[in-house]
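Take a look at the structure set out below.
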Amino acid sequence: MSEYAAARLNMVEGQIRPNKVTDHRLVEAMLDIPREVFVPQAARGIAYVDEDIAIGNGRYLMEPMVFARMLQEVGVEETDTVLDIGCATGYSTAVLARLAATVVGVESDATLAQRAGKALAELGAVNASVVTGPLTDGYSAKAPYDVIVIEGLVAEVPEAITGQMANGGRLIATVMGDRGVGEVKLYQRIGGVVSGRVLFEAHSRPLPGFEAKPKFVF
């Protein structure tokens, strides 16, 4: 077993399984996808640590346990079309491509998006693509989506994104709660109504463009 394969196994057995992640397809994907490919060369030795990893331009690869919990809770099916917002270098998109029929990753940073596209192509993820654009816009060209995953902390989920959910679709994101703590929330669209509920608290790095808007005081 290679050094990186051993690190992936340790990540799954030490971080993923002990934290209520039992979906065998998700576990197998995280055992197989080489996370080290999606971080800078200098950070490959820490690619599997249980914390967010800086990948450049103020962006981070999400902590494995939080990421895995989010994917399990949103329940990606083999027939789903998925939108991955803030895909950065493409690790999340690569994992989602193992679980869903089609995945579109959206990234606002052109350099990160280029790295993501290259890595996904090298892994043979033919059902995944990456587009560049404002994260808060989602990607309406391929909507509606069965699943939307937002890869970072947001003040709120914009209507421009919830409007791209299919009927019965799910969205998962880490939203800043009233107590100043990130809360992973699962949303679902039934007809024209989108409702959400808090699942667990989590620390995630903020995504650009999703900052809280200033409130006017009269």
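Residue numbering restarts at 1 for every chain of the structure tokens, chains are lettered A, B, ... in their displayed order, and ligands are numbered from 1 as they appear.
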
> Skipping near chain neighbours, those fewer than 6 positions away, what residues fall within 10 Å of A:Asn19 using only C-alpha atoms, listed as a PyMOL selection string?
Replying inline: chain A and resi 12-13+65-66+68-69

> Which residues, written as a VMD selection string, have at least one atom at most 9 Å from A:Val27, with only C-alpha atoms counted and residues fewer than 4 positions away on the same chain left out?
Replying inline: chain A and resid 12 16 to 17 21 to 23 31 to 32 68

Kindly provide the residues of stretch 101-177 of chain A that approach stretch 186-197 of chain A to within 10 Å, each paired with its closest atom pair and their distance in Å to one decimal, based on only C-alpha atoms, listed by chain and increasing number, as a tab-separated table.
```
residue	atom	partner	partner_atom	distance
A:Asp146	CA	A:Arg189	CA	9.6
A:Val147	CA	A:Gln188	CA	9.3
A:Ile148	CA	A:Tyr187	CA	9.4
A:Val149	CA	A:Leu186	CA	9.7
A:Val157	CA	A:Tyr187	CA	9.8
A:Glu159	CA	A:Val194	CA	9.8
A:Thr162	CA	A:Val194	CA	7.4
A:Gly163	CA	A:Val194	CA	9.0
A:Gln164	CA	A:Arg189	CA	9.9
A:Met165	CA	A:Arg189	CA	6.7
A:Ala166	CA	A:Arg189	CA	7.0
A:Asn167	CA	A:Ile190	CA	5.5
A:Gly168	CA	A:Arg189	CA	5.2
A:Gly169	CA	A:Arg189	CA	5.5
A:Arg170	CA	A:Gln188	CA	4.5
A:Leu171	CA	A:Tyr187	CA	5.0
A:Ile172	CA	A:Leu186	CA	4.6
A:Ala173	CA	A:Leu186	CA	6.9
A:Thr174	CA	A:Leu186	CA	9.0
```

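Summary of the local environment: counting only C-alpha atoms, residues at most 8 Å from A:Val184, other than itself and those fewer than 3 positions away along its chain, are Met70, Ile172, Ala173, Thr174, Val175, Val198, Leu199, Phe200, Glu201 and Ala202 of chain A.
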
>> Please list as an MDAnalysis selection string every residue within 12 Å of A:Asp109, counting only C-alpha atoms and excluding residues in the same chain fewer than 2 positions away.
In response: chainID A and resid 55:59 85:90 105:107 111:116 130:135 207:209

>> Please report the interatomic distance between atom CA of A:Ser92 and atom CA of A:Glu63 in Å with one decimal.
In response: 11.0 Å

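Non-sequential neighbours of A:Val181 (distance at most 8 Å, separation of 2 or more positions within a chain, only C-alpha atoms) are Met176, Gly177, Asp178, Arg179, Glu183, Glu201, Ala202 and His203 of chain A.
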
Kindly export the residues of the current selection with C-alpha atoms, as a short mmCIF file (atom, residue, chain, number, x, y, z; two decimals), in the first residue's frame.
```cif
data_model
loop_
_atom_site.label_atom_id
_atom_site.label_comp_id
_atom_site.auth_asym_id
_atom_site.auth_seq_id
_atom_site.Cartn_x
_atom_site.Cartn_y
_atom_site.Cartn_z
CA MET A 176 -23.92 31.21 9.83
CA GLY A 177 -26.30 30.79 12.77
CA ASP A 178 -27.65 33.38 15.18
CA ARG A 179 -24.97 32.53 17.75
CA GLU A 183 -24.77 25.29 11.13
CA GLU A 201 -22.79 22.62 13.92
CA ALA A 202 -19.61 22.84 11.86
CA HIS A 203 -16.71 25.17 11.24
#
```

>> Please return, as a count of residues only, all residues of stretch 22-216 of chain A that DSSP assigns to strand (DSSP E) on the basis of the backbone.
In response: 63

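Atom to atom, atom CA of A:Pro206 and atom CA of A:Asp137 stand 16.3 Å apart.
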
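Among A:Ile33, A:Phe210, A:Met62, A:Phe38, the residue with the shortest atom-to-atom distance to A:Leu96, counting only C-alpha atoms, is A:Ile33.
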
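For the choices A:Val49, A:Ala212, A:Met30, A:Ala6, the atom-to-atom distance to A:Leu153 is smallest for A:Ala212 when using only C-alpha atoms.
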
>> Need the shell around A:Tyr4: protein/DNA/RNA residues with any atom at most 12 Å away, counting only C-alpha atoms. Skip same-chain ones fewer than 6 positions apart. Format as a ChimeraX atom specification?
In response: /A:10-11,31-37,44-49

>> So that I can check the surroundings of A:Thr81, please list as a list in words every protein, DNA and RNA residue that reaches within 7 Å of it, counting only C-alpha atoms and ignoring chain neighbours fewer than 3 positions away.
In response: Ala100, Ala101, Thr102, Val103, Tyr145, Asp146 and Val147 of chain A

>> To one decimal place in Å, what is the distance between atom CA of A:Asp52 and atom CA of A:Thr93?
In response: 16.6 Å

>> Give me, as a VMD selection string, the residues of chain A that a backbone DSSP run labels alpha helix (DSSP H).
In response: chain A and resid 3 to 11 24 to 32 64 to 74 91 to 99 110 to 122 159 to 162
